[in-house]
Amino acid sequence: MAVCEALGRRGVGVLCVDREQELAEKAAKAVATAGGIGEACVADVSIEGDVLSYAAACQELWGNANFFFNNAGIEGVDAPLASFPVEEWDRVMAVNLRGVFLGLKAMYPLLRHGETPRIVNTASVAGMIATPMLSAYGASKHAVIGLTKTAAVEYAAQGIAVNALCPGPVESEMMRRIERGLGDMQAAKSQYEAMIPASRYAKLEEVAAMAVFLLLDSPMYLTGQAIALDGGLSIS
């Protein structure tokens, strides 16, 4: 939602995609309230037909796309690798990796134009370091970074910049779920914060500011990069 609001403040048009109609419409309203043009679309990013449908909806609305925020993701359950449920592994990979792959394929034709098209895939600092108890999430985010690099090389000839945004822990509902899954929420948060040189989680507004920079303002020569926004966690 923070990214929707930040994009809205820039006055751009945004097609907001979610599995739930209510959430898609809420995001579109946030864009419009902030000053942009918000449209809603319901889709499951793990289903190819749904992804093709949101790409078609974007084309019908605006013809081309100037940016694509490939952002859907879930964390999965907290469990040791040796007992991690296979069905949960498949669920996380379907959203976090298959969804990014399908989006990169479906949106490519809309981004092939002579202006400044940019793609941002949401990865994570979990794609740069080990992720105990979150093996599927960590593996999926490592893969997203790899896929980002491949897309950057393949799409460079079309003038499309592709980067991965890699937040560390963020003050968000996802982190609350992860903390809850580890048992003692406050102890889990304190443990995470102790690992971060900045000694705190990122704010949603900080993540949104970086996302908007990469989507609208970054140099087109910046491509294929995994950009950590993590308070120094990945270098500590």
# chains A, B, ... in the order shown; residues from 1 in each chain; ligands from 1
>>> residues_around(residues="Gly146 (chain A)", least_positions_apart="4", cutoff="12 Å", atoms="only C-alpha atoms", output="list in words")
Leu97, Val100, Phe101, Asn121, Ala123, Gly127, Met128, Ala139, Ser140, Lys141, His142, Thr150, Ala151, Ala152, Val153, Val162, Asn163, Ala164, Gly224, Gln225 and Ala226 of chain A
>>> write_last_selection(atoms="N, CA and C atoms", output="mmCIF file, in the first residue's frame")
data_model
loop_
_atom_site.group_PDB
_atom_site.id
_atom_site.type_symbol
_atom_site.label_atom_id
_atom_site.label_comp_id
_atom_site.auth_asym_id
_atom_site.auth_seq_id
_atom_site.Cartn_x
_atom_site.Cartn_y
_atom_site.Cartn_z
ATOM 1 N N LEU A 97 8.392 -17.269 -6.940
ATOM 2 C CA LEU A 97 9.273 -17.473 -8.089
ATOM 3 C C LEU A 97 8.495 -17.634 -9.390
ATOM 4 N N VAL A 100 6.886 -14.331 -10.328
ATOM 5 C CA VAL A 100 7.822 -13.361 -10.899
ATOM 6 C C VAL A 100 8.160 -13.739 -12.335
ATOM 7 N N PHE A 101 8.430 -15.011 -12.574
ATOM 8 C CA PHE A 101 8.737 -15.510 -13.918
ATOM 9 C C PHE A 101 7.593 -15.219 -14.892
ATOM 10 N N ASN A 121 11.769 -6.291 -9.496
ATOM 11 C CA ASN A 121 11.317 -7.522 -8.853
ATOM 12 C C ASN A 121 11.599 -7.408 -7.357
ATOM 13 N N ALA A 123 12.761 -8.899 -4.293
ATOM 14 C CA ALA A 123 13.461 -10.045 -3.714
ATOM 15 C C ALA A 123 13.501 -9.804 -2.202
ATOM 16 N N GLY A 127 17.528 -13.242 0.048
ATOM 17 C CA GLY A 127 18.147 -13.784 -1.149
ATOM 18 C C GLY A 127 19.648 -13.591 -1.179
ATOM 19 N N MET A 128 20.201 -13.014 -0.106
ATOM 20 C CA MET A 128 21.643 -12.739 -0.046
ATOM 21 C C MET A 128 22.332 -13.452 1.109
ATOM 22 N N ALA A 139 15.178 -19.554 -0.411
ATOM 23 C CA ALA A 139 15.526 -20.124 -1.714
ATOM 24 C C ALA A 139 14.818 -19.385 -2.844
ATOM 25 N N SER A 140 13.555 -19.046 -2.629
ATOM 26 C CA SER A 140 12.803 -18.340 -3.671
ATOM 27 C C SER A 140 13.394 -16.961 -3.939
ATOM 28 N N LYS A 141 13.846 -16.288 -2.906
ATOM 29 C CA LYS A 141 14.392 -14.945 -3.094
ATOM 30 C C LYS A 141 15.788 -14.982 -3.709
ATOM 31 N N HIS A 142 16.591 -16.012 -3.391
ATOM 32 C CA HIS A 142 17.845 -16.208 -4.107
ATOM 33 C C HIS A 142 17.554 -16.382 -5.601
ATOM 34 N N THR A 150 19.230 -12.536 -15.192
ATOM 35 C CA THR A 150 18.983 -13.087 -16.524
ATOM 36 C C THR A 150 18.100 -12.152 -17.341
ATOM 37 N N ALA A 151 17.020 -11.660 -16.737
ATOM 38 C CA ALA A 151 16.123 -10.740 -17.449
ATOM 39 C C ALA A 151 16.844 -9.463 -17.838
ATOM 40 N N ALA A 152 17.709 -8.964 -16.958
ATOM 41 C CA ALA A 152 18.434 -7.731 -17.252
ATOM 42 C C ALA A 152 19.301 -7.887 -18.497
ATOM 43 N N VAL A 153 19.970 -9.035 -18.621
ATOM 44 C CA VAL A 153 20.820 -9.282 -19.786
ATOM 45 C C VAL A 153 19.973 -9.457 -21.044
ATOM 46 N N VAL A 162 16.183 -3.816 -15.451
ATOM 47 C CA VAL A 162 15.575 -4.782 -14.534
ATOM 48 C C VAL A 162 16.438 -4.892 -13.281
ATOM 49 N N ASN A 163 15.870 -4.599 -12.142
ATOM 50 C CA ASN A 163 16.598 -4.687 -10.877
ATOM 51 C C ASN A 163 15.763 -5.392 -9.821
ATOM 52 N N ALA A 164 16.431 -5.848 -8.779
ATOM 53 C CA ALA A 164 15.752 -6.492 -7.651
ATOM 54 C C ALA A 164 15.896 -5.625 -6.409
ATOM 55 N N GLY A 224 20.216 -5.151 -13.589
ATOM 56 C CA GLY A 224 20.746 -6.433 -13.139
ATOM 57 C C GLY A 224 21.259 -6.447 -11.719
ATOM 58 N N GLN A 225 20.882 -5.453 -10.933
ATOM 59 C CA GLN A 225 21.427 -5.314 -9.583
ATOM 60 C C GLN A 225 20.438 -5.785 -8.511
ATOM 61 N N ALA A 226 20.983 -6.380 -7.464
ATOM 62 C CA ALA A 226 20.209 -6.701 -6.269
ATOM 63 C C ALA A 226 20.535 -5.632 -5.244
#
>>> closest_atom_pairs(of="region 80-179 of chain A", to="region 192-208 of chain A", cutoff="10 Å", atoms="only C-alpha atoms", output="Markdown table")
| residue | atom | partner | partner_atom | distance |
| --- | --- | --- | --- | --- |
| A:Leu165 | CA | A:Val207 | CA | 8.7 |
| A:Cys166 | CA | A:Val207 | CA | 9.2 |
| A:Pro167 | CA | A:Val207 | CA | 7.0 |
| A:Gly168 | CA | A:Ala202 | CA | 7.1 |
| A:Pro169 | CA | A:Tyr201 | CA | 5.2 |
| A:Val170 | CA | A:Ala202 | CA | 4.5 |
| A:Glu171 | CA | A:Lys203 | CA | 5.7 |
| A:Ser172 | CA | A:Leu204 | CA | 7.2 |
| A:Met175 | CA | A:Tyr201 | CA | 9.5 |
| A:Glu179 | CA | A:Tyr192 | CA | 9.3 |
>>> residues_around(residues="Gly13 (chain A)", least_positions_apart="6", cutoff="6 Å", atoms="only C-alpha atoms", output="list in words")
Gly36, Ile37 and Gly38 of chain A
>>> write_last_selection(atoms="C-alpha atoms", output="PDB file, in the first residue's frame")
ATOM      1  CA  GLY A  36      -2.574   9.227  -9.477  1.00  0.00           C
ATOM      2  CA  ILE A  37      -4.863   7.024 -11.545  1.00  0.00           C
ATOM      3  CA  GLY A  38      -5.663   3.774  -9.787  1.00  0.00           C
TER       4      GLY A  38
END
>>> select_by_dssp(residues="region 118-161 of chain A", states="strand (DSSP E or B)", output="list in words")
Arg118, Ile119, Val120, Asn121, Thr122, Leu134 and Ala161 of chain A
>>> atom_distance(atom1="CA of Gly8 (chain A)", atom2="CA of Cys58 (chain A)")
16.5 Å
>>> atom_distance(atom1="CA of Val95 (chain A)", atom2="CA of Leu222 (chain A)")
26.3 Å
>>> residues_around(residues="Arg180 (chain A)", least_positions_apart="6", cutoff="12 Å", atoms="only C-alpha atoms", output="PyMOL selection string")
chain A and resi 77-78+173-174+186-189
>>> write_last_selection(atoms="N, CA and C atoms", output="short mmCIF file (atom, residue, chain, number, x, y, z; two decimals), in the first residue's frame")
data_model
loop_
_atom_site.label_atom_id
_atom_site.label_comp_id
_atom_site.auth_asym_id
_atom_site.auth_seq_id
_atom_site.Cartn_x
_atom_site.Cartn_y
_atom_site.Cartn_z
N VAL A 77 5.71 -21.01 6.10
CA VAL A 77 5.73 -21.33 7.53
C VAL A 77 7.16 -21.29 8.06
N ASP A 78 7.28 -21.12 9.37
CA ASP A 78 8.57 -21.24 10.06
C ASP A 78 8.77 -22.71 10.42
N GLU A 173 3.10 -6.55 8.37
CA GLU A 173 2.36 -7.73 8.83
C GLU A 173 3.15 -9.01 8.57
N MET A 174 3.93 -9.04 7.48
CA MET A 174 4.73 -10.23 7.21
C MET A 174 5.70 -10.52 8.34
N GLN A 186 8.29 -10.75 20.77
CA GLN A 186 9.20 -9.69 21.18
C GLN A 186 10.65 -10.16 21.17
N ALA A 187 10.86 -11.39 21.63
CA ALA A 187 12.21 -11.94 21.62
C ALA A 187 12.71 -12.12 20.19
N ALA A 188 11.81 -12.54 19.30
CA ALA A 188 12.20 -12.72 17.90
C ALA A 188 12.56 -11.39 17.27
N LYS A 189 11.77 -10.35 17.55
CA LYS A 189 12.07 -9.04 17.00
C LYS A 189 13.39 -8.51 17.54
#
>>> select_by_dssp(residues="region 158-190 of chain A", states="helix (DSSP H, G or I)", output="list in words")
Gln158, Glu173, Met174, Met175, Arg176, Arg177, Ile178, Glu179, Arg180, Gly181, Met185, Gln186, Ala187, Ala188, Lys189 and Ser190 of chain A
>>> write_last_selection(atoms="C-alpha atoms", output="compact mmCIF listing (two decimals), in the first residue's frame")
# COMPACT_ATOMS: atom_id res chain seq x y z
CA GLN A 158 15.18 -3.47 -25.73
CA GLU A 173 2.36 -7.73 8.83
CA MET A 174 4.73 -10.23 7.21
CA MET A 175 7.34 -9.69 9.92
CA ARG A 176 4.67 -9.97 12.59
CA ARG A 177 3.73 -13.40 11.18
CA ILE A 178 7.37 -14.50 11.05
CA GLU A 179 7.93 -13.36 14.65
CA ARG A 180 4.76 -15.13 15.75
CA GLY A 181 5.88 -18.32 14.05
CA MET A 185 7.30 -12.29 19.16
CA GLN A 186 9.20 -9.69 21.18
CA ALA A 187 12.21 -11.94 21.62
CA ALA A 188 12.20 -12.72 17.90
CA LYS A 189 12.07 -9.04 17.00
CA SER A 190 14.87 -8.21 19.41
>>> closest_residue(among="A:Asp230, A:Val17, A:Ala94, A:Arg118", to="Asp217 (chain A)", atoms="only C-alpha atoms")
A:Arg118
>>> residues_around(residues="Ala6 (chain A)", least_positions_apart="3", cutoff="12 Å", atoms="only C-alpha atoms", output="ChimeraX atom specification")
/A:1-3,9-14,27,30-36,204-213,215-216
>>> write_last_selection(atoms="C-alpha atoms", output="compact mmCIF listing (two decimals), in the first residue's frame")
# COMPACT_ATOMS: atom_id res chain seq x y z
CA MET A 1 0.00 0.00 0.00
CA ALA A 2 2.86 2.38 0.78
CA VAL A 3 4.23 1.93 -2.74
CA ARG A 9 1.90 11.12 -5.39
CA ARG A 10 3.89 11.06 -8.62
CA GLY A 11 0.65 11.27 -10.60
CA VAL A 12 1.10 8.05 -12.55
CA GLY A 13 -1.40 5.39 -13.54
CA VAL A 14 -1.16 2.12 -11.62
CA ALA A 27 -4.76 -0.19 -3.37
CA ALA A 30 -4.80 4.73 -2.37
CA VAL A 31 -3.22 5.60 -5.72
CA ALA A 32 -6.14 7.84 -6.68
CA THR A 33 -6.32 9.54 -3.29
CA ALA A 34 -2.63 10.39 -3.50
CA GLY A 35 -3.09 12.00 -6.92
CA GLY A 36 -2.57 9.23 -9.48
CA LEU A 204 7.32 0.89 4.91
CA GLU A 205 7.84 4.45 3.68
CA GLU A 206 11.56 3.79 3.21
CA VAL A 207 10.87 0.70 1.11
CA ALA A 208 8.29 2.63 -0.92
CA ALA A 209 10.73 5.47 -1.57
CA MET A 210 13.35 3.06 -2.91
CA ALA A 211 10.80 1.19 -5.02
CA VAL A 212 9.57 4.40 -6.63
CA PHE A 213 13.13 5.57 -7.28
CA LEU A 215 10.65 2.34 -11.00
CA LEU A 216 10.63 5.98 -12.10
>>> atom_distance(atom1="CA of Gly103 (chain A)", atom2="CA of Ala126 (chain A)")
20.9 Å
